[in-house]
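Note: the block below is upload-v8.cif and it holds mmCIF, N, CA and C atoms.
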data_data
#
loop_
_atom_site.group_PDB
_atom_site.id
_atom_site.type_symbol
_atom_site.label_atom_id
_atom_site.label_comp_id
_atom_site.auth_asym_id
_atom_site.auth_seq_id
_atom_site.Cartn_x
_atom_site.Cartn_y
_atom_site.Cartn_z
ATOM 1 N N MET Z 222 -48.078 30.250 28.390
ATOM 2 C CA MET Z 222 -47.718 29.428 27.281
ATOM 3 C C MET Z 222 -46.868 30.209 26.315
ATOM 4 N N PHE Z 223 -46.885 29.693 25.089
ATOM 5 C CA PHE Z 223 -46.069 30.352 24.068
ATOM 6 C C PHE Z 223 -46.812 31.525 23.504
ATOM 7 N N THR Z 224 -46.103 32.561 23.362
ATOM 8 C CA THR Z 224 -46.682 33.700 22.656
ATOM 9 C C THR Z 224 -45.966 33.797 21.353
ATOM 10 N N SER Z 225 -46.666 33.858 20.316
ATOM 11 C CA SER Z 225 -46.013 33.889 19.018
ATOM 12 C C SER Z 225 -45.751 35.314 18.626
ATOM 13 N N LYS Z 226 -44.509 35.511 18.267
ATOM 14 C CA LYS Z 226 -44.097 36.807 17.769
ATOM 15 C C LYS Z 226 -43.817 36.610 16.299
ATOM 16 N N PRO Z 227 -44.083 37.534 15.499
ATOM 17 C CA PRO Z 227 -43.798 37.386 14.083
ATOM 18 C C PRO Z 227 -42.276 37.325 13.871
ATOM 19 N N VAL Z 228 -41.854 36.411 12.996
ATOM 20 C CA VAL Z 228 -40.449 36.252 12.683
ATOM 21 C C VAL Z 228 -40.113 37.241 11.591
ATOM 22 N N SER Z 229 -39.067 37.987 11.835
ATOM 23 C CA SER Z 229 -38.705 38.986 10.833
ATOM 24 C C SER Z 229 -38.066 38.297 9.642
ATOM 25 N N ARG Z 230 -38.118 38.981 8.546
ATOM 26 C CA ARG Z 230 -37.544 38.441 7.306
ATOM 27 C C ARG Z 230 -36.049 38.189 7.475
ATOM 28 N N ASN Z 231 -35.330 39.060 8.101
ATOM 29 C CA ASN Z 231 -33.890 38.896 8.318
ATOM 30 C C ASN Z 231 -33.605 37.691 9.210
ATOM 31 N N SER Z 232 -34.431 37.511 10.228
ATOM 32 C CA SER Z 232 -34.249 36.354 11.107
ATOM 33 C C SER Z 232 -34.486 35.059 10.354
ATOM 34 N N LEU Z 233 -35.490 35.066 9.486
ATOM 35 C CA LEU Z 233 -35.803 33.885 8.693
ATOM 36 C C LEU Z 233 -34.657 33.565 7.732
ATOM 37 N N ILE Z 234 -34.093 34.558 7.108
ATOM 38 C CA ILE Z 234 -32.954 34.364 6.199
ATOM 39 C C ILE Z 234 -31.755 33.841 6.978
ATOM 40 N N LEU Z 235 -31.532 34.402 8.154
ATOM 41 C CA LEU Z 235 -30.427 33.951 8.985
ATOM 42 C C LEU Z 235 -30.611 32.486 9.385
ATOM 43 N N ILE Z 236 -31.814 32.113 9.773
ATOM 44 C CA ILE Z 236 -32.093 30.719 10.143
ATOM 45 C C ILE Z 236 -31.866 29.799 8.949
ATOM 46 N N LEU Z 237 -32.334 30.168 7.789
ATOM 47 C CA LEU Z 237 -32.149 29.358 6.582
ATOM 48 C C LEU Z 237 -30.670 29.251 6.211
ATOM 49 N N CYS Z 238 -29.942 30.333 6.348
ATOM 50 C CA CYS Z 238 -28.497 30.287 6.057
ATOM 51 C C CYS Z 238 -27.771 29.356 7.029
ATOM 52 N N LEU Z 239 -28.136 29.434 8.307
ATOM 53 C CA LEU Z 239 -27.509 28.564 9.299
ATOM 54 C C LEU Z 239 -27.827 27.090 9.009
ATOM 55 N N LEU Z 240 -29.065 26.801 8.665
ATOM 56 C CA LEU Z 240 -29.436 25.426 8.331
ATOM 57 C C LEU Z 240 -28.717 24.968 7.063
ATOM 58 N N GLY Z 241 -28.632 25.848 6.080
ATOM 59 C CA GLY Z 241 -27.945 25.517 4.832
ATOM 60 C C GLY Z 241 -26.460 25.295 5.055
ATOM 61 N N SER Z 242 -25.837 26.136 5.879
ATOM 62 C CA SER Z 242 -24.404 25.968 6.132
ATOM 63 C C SER Z 242 -24.150 24.714 6.967
ATOM 64 N N ALA Z 243 -25.091 24.367 7.849
ATOM 65 C CA ALA Z 243 -24.941 23.152 8.640
ATOM 66 C C ALA Z 243 -24.999 21.927 7.730
ATOM 67 N N SER Z 244 -25.923 21.909 6.782
ATOM 68 C CA SER Z 244 -26.003 20.762 5.871
ATOM 69 C C SER Z 244 -24.807 20.760 4.923
ATOM 70 N N LEU Z 245 -24.310 21.934 4.550
ATOM 71 C CA LEU Z 245 -23.118 22.011 3.706
ATOM 72 C C LEU Z 245 -21.906 21.496 4.474
ATOM 73 N N ALA Z 246 -21.800 21.870 5.750
ATOM 74 C CA ALA Z 246 -20.699 21.385 6.578
ATOM 75 C C ALA Z 246 -20.805 19.873 6.753
ATOM 76 N N GLN Z 247 -22.039 19.403 6.921
ATOM 77 C CA GLN Z 247 -22.245 17.962 7.062
ATOM 78 C C GLN Z 247 -21.871 17.248 5.771
ATOM 79 N N ALA Z 248 -22.191 17.849 4.638
ATOM 80 C CA ALA Z 248 -21.831 17.247 3.352
ATOM 81 C C ALA Z 248 -20.309 17.219 3.195
ATOM 82 N N LYS Z 249 -19.644 18.284 3.627
ATOM 83 C CA LYS Z 249 -18.189 18.311 3.561
ATOM 84 C C LYS Z 249 -17.600 17.246 4.481
ATOM 85 N N ASP Z 250 -18.200 17.081 5.665
ATOM 86 C CA ASP Z 250 -17.735 16.049 6.595
ATOM 87 C C ASP Z 250 -17.905 14.662 5.996
ATOM 88 N N LEU Z 251 -19.035 14.414 5.353
ATOM 89 C CA LEU Z 251 -19.270 13.116 4.722
ATOM 90 C C LEU Z 251 -18.269 12.874 3.601
ATOM 91 N N SER Z 252 -18.003 13.907 2.828
ATOM 92 C CA SER Z 252 -17.037 13.778 1.740
ATOM 93 C C SER Z 252 -15.650 13.477 2.288
ATOM 94 N N ALA Z 253 -15.278 14.171 3.352
ATOM 95 C CA ALA Z 253 -13.972 13.931 3.968
ATOM 96 C C ALA Z 253 -13.899 12.522 4.549
ATOM 97 N N LEU Z 254 -14.988 12.072 5.162
ATOM 98 C CA LEU Z 254 -15.018 10.724 5.725
ATOM 99 C C LEU Z 254 -14.934 9.662 4.627
ATOM 100 N N GLN Z 255 -15.627 9.902 3.514
ATOM 101 C CA GLN Z 255 -15.568 8.964 2.394
ATOM 102 C C GLN Z 255 -14.157 8.907 1.814
ATOM 103 N N THR Z 256 -13.523 10.059 1.702
ATOM 104 C CA THR Z 256 -12.143 10.111 1.201
ATOM 105 C C THR Z 256 -11.207 9.370 2.159
ATOM 106 N N ALA Z 257 -11.391 9.606 3.440
ATOM 107 C CA ALA Z 257 -10.551 8.929 4.436
ATOM 108 C C ALA Z 257 -10.760 7.414 4.370
ATOM 109 N N LEU Z 258 -12.011 6.997 4.187
ATOM 110 C CA LEU Z 258 -12.294 5.566 4.071
ATOM 111 C C LEU Z 258 -11.626 4.982 2.836
ATOM 112 N N GLN Z 259 -11.691 5.676 1.716
ATOM 113 C CA GLN Z 259 -11.073 5.182 0.484
ATOM 114 C C GLN Z 259 -9.561 5.070 0.642
ATOM 115 N N ILE Z 260 -8.956 6.062 1.286
ATOM 116 C CA ILE Z 260 -7.512 6.025 1.527
ATOM 117 C C ILE Z 260 -7.170 4.837 2.429
ATOM 118 N N ALA Z 261 -7.981 4.620 3.468
ATOM 119 C CA ALA Z 261 -7.745 3.497 4.379
ATOM 120 C C ALA Z 261 -7.916 2.163 3.656
ATOM 121 N N GLN Z 262 -8.911 2.058 2.766
ATOM 122 C CA GLN Z 262 -9.114 0.828 1.999
ATOM 123 C C GLN Z 262 -7.944 0.567 1.065
ATOM 124 N N ASP Z 263 -7.461 1.618 0.401
ATOM 125 C CA ASP Z 263 -6.303 1.466 -0.485
ATOM 126 C C ASP Z 263 -5.082 1.004 0.298
ATOM 127 N N GLU Z 264 -4.869 1.602 1.462
ATOM 128 C CA GLU Z 264 -3.731 1.226 2.304
ATOM 129 C C GLU Z 264 -3.873 -0.221 2.776
ATOM 130 N N LEU Z 265 -5.095 -0.617 3.137
ATOM 131 C CA LEU Z 265 -5.355 -1.988 3.567
ATOM 132 C C LEU Z 265 -5.039 -2.973 2.442
ATOM 133 N N GLU Z 266 -5.467 -2.670 1.228
ATOM 134 C CA GLU Z 266 -5.188 -3.542 0.086
ATOM 135 C C GLU Z 266 -3.690 -3.636 -0.176
ATOM 136 N N ASN Z 267 -2.993 -2.502 -0.116
ATOM 137 C CA ASN Z 267 -1.538 -2.509 -0.319
ATOM 138 C C ASN Z 267 -0.827 -3.308 0.773
ATOM 139 N N ALA Z 268 -1.261 -3.119 2.021
ATOM 140 C CA ALA Z 268 -0.642 -3.837 3.136
ATOM 141 C C ALA Z 268 -0.907 -5.340 3.010
ATOM 142 N N LYS Z 269 -2.105 -5.719 2.592
ATOM 143 C CA LYS Z 269 -2.435 -7.142 2.418
ATOM 144 C C LYS Z 269 -1.601 -7.747 1.300
ATOM 145 N N ALA Z 270 -1.456 -7.034 0.196
ATOM 146 C CA ALA Z 270 -0.652 -7.537 -0.917
ATOM 147 C C ALA Z 270 0.807 -7.699 -0.494
ATOM 148 N N GLU Z 271 1.325 -6.734 0.258
ATOM 149 C CA GLU Z 271 2.706 -6.819 0.741
ATOM 150 C C GLU Z 271 2.867 -7.987 1.713
ATOM 151 N N ARG Z 272 1.892 -8.138 2.622
ATOM 152 C CA ARG Z 272 1.935 -9.244 3.582
ATOM 153 C C ARG Z 272 1.925 -10.592 2.861
ATOM 154 N N ASP Z 273 1.041 -10.729 1.870
ATOM 155 C CA ASP Z 273 0.948 -11.996 1.137
ATOM 156 C C ASP Z 273 2.237 -12.285 0.371
ATOM 157 N N ALA Z 274 2.796 -11.262 -0.263
ATOM 158 C CA ALA Z 274 4.046 -11.442 -1.008
ATOM 159 C C ALA Z 274 5.185 -11.824 -0.060
ATOM 160 N N ASP Z 275 5.260 -11.154 1.082
ATOM 161 C CA ASP Z 275 6.308 -11.473 2.061
ATOM 162 C C ASP Z 275 6.133 -12.889 2.600
ATOM 163 N N ALA Z 276 4.894 -13.294 2.865
ATOM 164 C CA ALA Z 276 4.642 -14.648 3.373
ATOM 165 C C ALA Z 276 5.051 -15.686 2.328
ATOM 166 N N ASN Z 277 4.774 -15.418 1.063
ATOM 167 C CA ASN Z 277 5.171 -16.352 0.003
ATOM 168 C C ASN Z 277 6.693 -16.451 -0.113
ATOM 169 N N ARG Z 278 7.372 -15.293 -0.050
ATOM 170 C CA ARG Z 278 8.838 -15.310 -0.117
ATOM 171 C C ARG Z 278 9.424 -16.034 1.089
ATOM 172 N N LEU Z 279 8.869 -15.786 2.251
ATOM 173 C CA LEU Z 279 9.345 -16.440 3.462
ATOM 174 C C LEU Z 279 9.189 -17.956 3.345
ATOM 175 N N SER Z 280 8.060 -18.397 2.864
ATOM 176 C CA SER Z 280 7.828 -19.833 2.694
ATOM 177 C C SER Z 280 8.846 -20.430 1.724
ATOM 178 N N ALA Z 281 9.102 -19.733 0.625
ATOM 179 C CA ALA Z 281 10.081 -20.227 -0.355
ATOM 180 C C ALA Z 281 11.484 -20.282 0.246
ATOM 181 N N VAL Z 282 11.844 -19.264 1.016
ATOM 182 C CA VAL Z 282 13.174 -19.237 1.637
ATOM 183 C C VAL Z 282 13.291 -20.346 2.680
ATOM 184 N N GLU Z 283 12.223 -20.572 3.452
ATOM 185 C CA GLU Z 283 12.260 -21.643 4.448
ATOM 186 C C GLU Z 283 12.429 -23.009 3.789
ATOM 187 N N LYS Z 284 11.745 -23.235 2.668
ATOM 188 C CA LYS Z 284 11.889 -24.504 1.944
ATOM 189 C C LYS Z 284 13.313 -24.657 1.416
ATOM 190 N N GLU Z 285 13.860 -23.579 0.889
ATOM 191 C CA GLU Z 285 15.242 -23.613 0.390
ATOM 192 C C GLU Z 285 16.206 -23.861 1.545
ATOM 193 N N TRP Z 286 15.949 -23.232 2.697
ATOM 194 C CA TRP Z 286 16.774 -23.418 3.886
ATOM 195 C C TRP Z 286 16.767 -24.887 4.304
ATOM 196 N N GLU Z 287 15.596 -25.500 4.319
ATOM 197 C CA GLU Z 287 15.494 -26.912 4.685
ATOM 198 C C GLU Z 287 16.270 -27.781 3.692
ATOM 199 N N ARG Z 288 16.140 -27.481 2.404
ATOM 200 C CA ARG Z 288 16.859 -28.242 1.385
ATOM 201 C C ARG Z 288 18.372 -28.113 1.577
ATOM 202 N N LEU Z 289 18.830 -26.892 1.815
ATOM 203 C CA LEU Z 289 20.260 -26.660 2.013
ATOM 204 C C LEU Z 289 20.762 -27.301 3.309
ATOM 205 N N ASN Z 290 19.947 -27.277 4.365
ATOM 206 C CA ASN Z 290 20.348 -27.936 5.611
ATOM 207 C C ASN Z 290 20.490 -29.433 5.410
ATOM 208 N N LYS Z 291 19.594 -30.026 4.644
ATOM 209 C CA LYS Z 291 19.689 -31.456 4.356
ATOM 210 C C LYS Z 291 20.952 -31.728 3.537
ATOM 211 N N MET Z 292 21.202 -30.860 2.556
ATOM 212 C CA MET Z 292 22.404 -31.020 1.735
ATOM 213 C C MET Z 292 23.650 -30.886 2.611
ATOM 214 N N LEU Z 293 23.646 -29.928 3.514
ATOM 215 C CA LEU Z 293 24.779 -29.728 4.417
ATOM 216 C C LEU Z 293 24.997 -30.958 5.294
ATOM 217 N N ALA Z 294 23.924 -31.510 5.840
ATOM 218 C CA ALA Z 294 24.051 -32.708 6.677
ATOM 219 C C ALA Z 294 24.607 -33.866 5.854
ATOM 220 N N ASP Z 295 24.129 -34.019 4.624
ATOM 221 C CA ASP Z 295 24.646 -35.086 3.754
ATOM 222 C C ASP Z 295 26.131 -34.892 3.464
ATOM 223 N N GLU Z 296 26.524 -33.674 3.170
ATOM 224 C CA GLU Z 296 27.927 -33.384 2.871
ATOM 225 C C GLU Z 296 28.810 -33.594 4.098
ATOM 226 N N ARG Z 297 28.319 -33.231 5.271
ATOM 227 C CA ARG Z 297 29.082 -33.467 6.499
ATOM 228 C C ARG Z 297 29.285 -34.965 6.724
ATOM 229 N N LYS Z 298 28.217 -35.735 6.479
ATOM 230 C CA LYS Z 298 28.315 -37.189 6.636
ATOM 231 C C LYS Z 298 29.342 -37.763 5.660
ATOM 232 N N LYS Z 299 29.305 -37.306 4.389
ATOM 233 C CA LYS Z 299 30.277 -37.774 3.391
ATOM 234 C C LYS Z 299 31.694 -37.392 3.789
ATOM 235 N N ALA Z 300 31.845 -36.155 4.282
ATOM 236 C CA ALA Z 300 33.174 -35.697 4.687
ATOM 237 C C ALA Z 300 33.694 -36.514 5.866
ATOM 238 N N SER Z 301 32.828 -36.833 6.801
ATOM 239 C CA SER Z 301 33.229 -37.647 7.943
ATOM 240 C C SER Z 301 33.625 -39.047 7.492
ATOM 241 N N GLN Z 302 32.850 -39.610 6.585
ATOM 242 C CA GLN Z 302 33.170 -40.943 6.071
ATOM 243 C C GLN Z 302 34.493 -40.934 5.302
ATOM 244 N N SER Z 303 34.692 -39.904 4.487
ATOM 245 C CA SER Z 303 35.948 -39.859 3.729
ATOM 246 C C SER Z 303 37.138 -39.607 4.643
ATOM 247 N N GLU Z 304 36.935 -38.842 5.718
ATOM 248 C CA GLU Z 304 38.006 -38.628 6.695
ATOM 249 C C GLU Z 304 38.363 -39.951 7.372
ATOM 250 N N SER Z 305 37.352 -40.722 7.747
ATOM 251 C CA SER Z 305 37.611 -42.041 8.369
ATOM 252 C C SER Z 305 38.342 -42.953 7.392
ATOM 253 N N ARG Z 306 37.905 -42.966 6.162
ATOM 254 C CA ARG Z 306 38.561 -43.792 5.139
ATOM 255 C C ARG Z 306 40.019 -43.356 4.947
ATOM 256 N N TYR Z 307 40.230 -42.037 4.916
ATOM 257 C CA TYR Z 307 41.588 -41.507 4.760
ATOM 258 C C TYR Z 307 42.471 -41.950 5.921
ATOM 259 N N GLN Z 308 41.961 -41.800 7.144
ATOM 260 C CA GLN Z 308 42.752 -42.171 8.334
ATOM 261 C C GLN Z 308 43.081 -43.669 8.320
ATOM 262 N N GLU Z 309 42.099 -44.490 7.947
ATOM 263 C CA GLU Z 309 42.332 -45.932 7.882
ATOM 264 C C GLU Z 309 43.360 -46.260 6.794
ATOM 265 N N SER Z 310 43.229 -45.623 5.642
ATOM 266 C CA SER Z 310 44.191 -45.841 4.547
ATOM 267 C C SER Z 310 45.578 -45.368 4.948
ATOM 268 N N ARG Z 311 45.639 -44.265 5.679
ATOM 269 C CA ARG Z 311 46.917 -43.717 6.129
ATOM 270 C C ARG Z 311 47.620 -44.721 7.051
ATOM 271 N N LYS Z 312 46.858 -45.324 7.957
ATOM 272 C CA LYS Z 312 47.439 -46.332 8.876
ATOM 273 C C LYS Z 312 47.991 -47.520 8.087
ATOM 274 N N LYS Z 313 47.208 -48.004 7.112
ATOM 275 C CA LYS Z 313 47.656 -49.139 6.292
ATOM 276 C C LYS Z 313 48.915 -48.776 5.506
ATOM 277 N N HIS Z 314 48.936 -47.560 4.977
ATOM 278 C CA HIS Z 314 50.089 -47.084 4.212
ATOM 279 C C HIS Z 314 51.325 -47.031 5.104
ATOM 280 N N ASP Z 315 51.161 -46.404 6.269
ATOM 281 C CA ASP Z 315 52.291 -46.272 7.193
ATOM 282 C C ASP Z 315 52.813 -47.645 7.633
ATOM 283 N N LYS Z 316 51.897 -48.591 7.843
ATOM 284 C CA LYS Z 316 52.298 -49.945 8.245
ATOM 285 C C LYS Z 316 53.069 -50.627 7.106
ATOM 286 N N ALA Z 317 52.554 -50.460 5.865
ATOM 287 C CA ALA Z 317 53.236 -51.066 4.710
ATOM 288 C C ALA Z 317 54.599 -50.414 4.493
ATOM 289 N N GLN Z 318 54.651 -49.078 4.670
ATOM 290 C CA GLN Z 318 55.916 -48.358 4.504
ATOM 291 C C GLN Z 318 56.926 -48.822 5.551
ATOM 292 N N ALA Z 319 56.465 -48.977 6.784
ATOM 293 C CA ALA Z 319 57.354 -49.436 7.858
ATOM 294 C C ALA Z 319 57.855 -50.849 7.571
ATOM 295 N N ALA Z 320 56.994 -51.699 7.061
ATOM 296 C CA ALA Z 320 57.403 -53.069 6.744
ATOM 297 C C ALA Z 320 58.439 -53.052 5.618
ATOM 298 N N LEU Z 321 58.236 -52.234 4.604
ATOM 299 C CA LEU Z 321 59.194 -52.134 3.508
ATOM 300 C C LEU Z 321 60.530 -51.579 4.000
ATOM 301 N N ASP Z 322 60.483 -50.539 4.805
ATOM 302 C CA ASP Z 322 61.714 -49.956 5.375
ATOM 303 C C ASP Z 322 62.472 -51.013 6.188
ATOM 304 N N GLN Z 323 61.726 -51.774 6.978
ATOM 305 C CA GLN Z 323 62.340 -52.819 7.803
ATOM 306 C C GLN Z 323 63.013 -53.891 6.906
ATOM 307 N N ALA Z 324 62.312 -54.224 5.821
ATOM 308 C CA ALA Z 324 62.852 -55.241 4.907
ATOM 309 C C ALA Z 324 64.131 -54.732 4.263
ATOM 310 N N TRP Z 325 64.251 -53.478 3.925
ATOM 311 C CA TRP Z 325 65.449 -52.930 3.305
ATOM 312 C C TRP Z 325 66.615 -52.887 4.282
ATOM 313 N N LYS Z 326 66.286 -52.708 5.548
ATOM 314 C CA LYS Z 326 67.340 -52.623 6.570
ATOM 315 C C LYS Z 326 67.968 -53.990 6.821
ATOM 316 N N GLN Z 327 67.252 -55.060 6.578
ATOM 317 C CA GLN Z 327 67.785 -56.387 6.865
ATOM 318 C C GLN Z 327 68.579 -56.877 5.746
#
Take the structure in this file and express it as structure tokens.
Amino acid sequence: MFTSKPVSRNSLILILCLLGSASLAQAKDLSALQTALQIAQDELENAKAERDADANRLSAVEKEWERLNKMLADERKKASQSESRYQESRKKHDKAQAALDQAWKQ
């Protein structure tokens, strides 16, 4: 079985120092982990705020794009109608001009 040998004072101090340094190292690890977590949380909050702001701007730009596309379609329709009116008026003008020219020739 086990035979107990007396632990020397130096061995006991060494064991206590090792245990103390292990808990100190563990405390440093916990502190580093807490710091890393805080940095990650701050980054997450910043990224979320940026994402939300970008999504809001995108939505506003898309709404403006839709409004401008509708305006563009309306303007194209007006331009097409005015072009048709111009062409029709041009034909009537040319016909009237030709009739007047013909009348002067006779």
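The interatomic distance for the pair atom CA of Z:Glu266 and atom CA of Z:Trp286 works out to 29.9 Å.
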Revision key, fill the gap. note - atom CA of Z:Met292 and atom CA of Z:Ala274 are separated by 27.0 Å
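What separates atom C of Z:Ala281 from atom C of Z:Lys299 is a distance of 26.7 Å.
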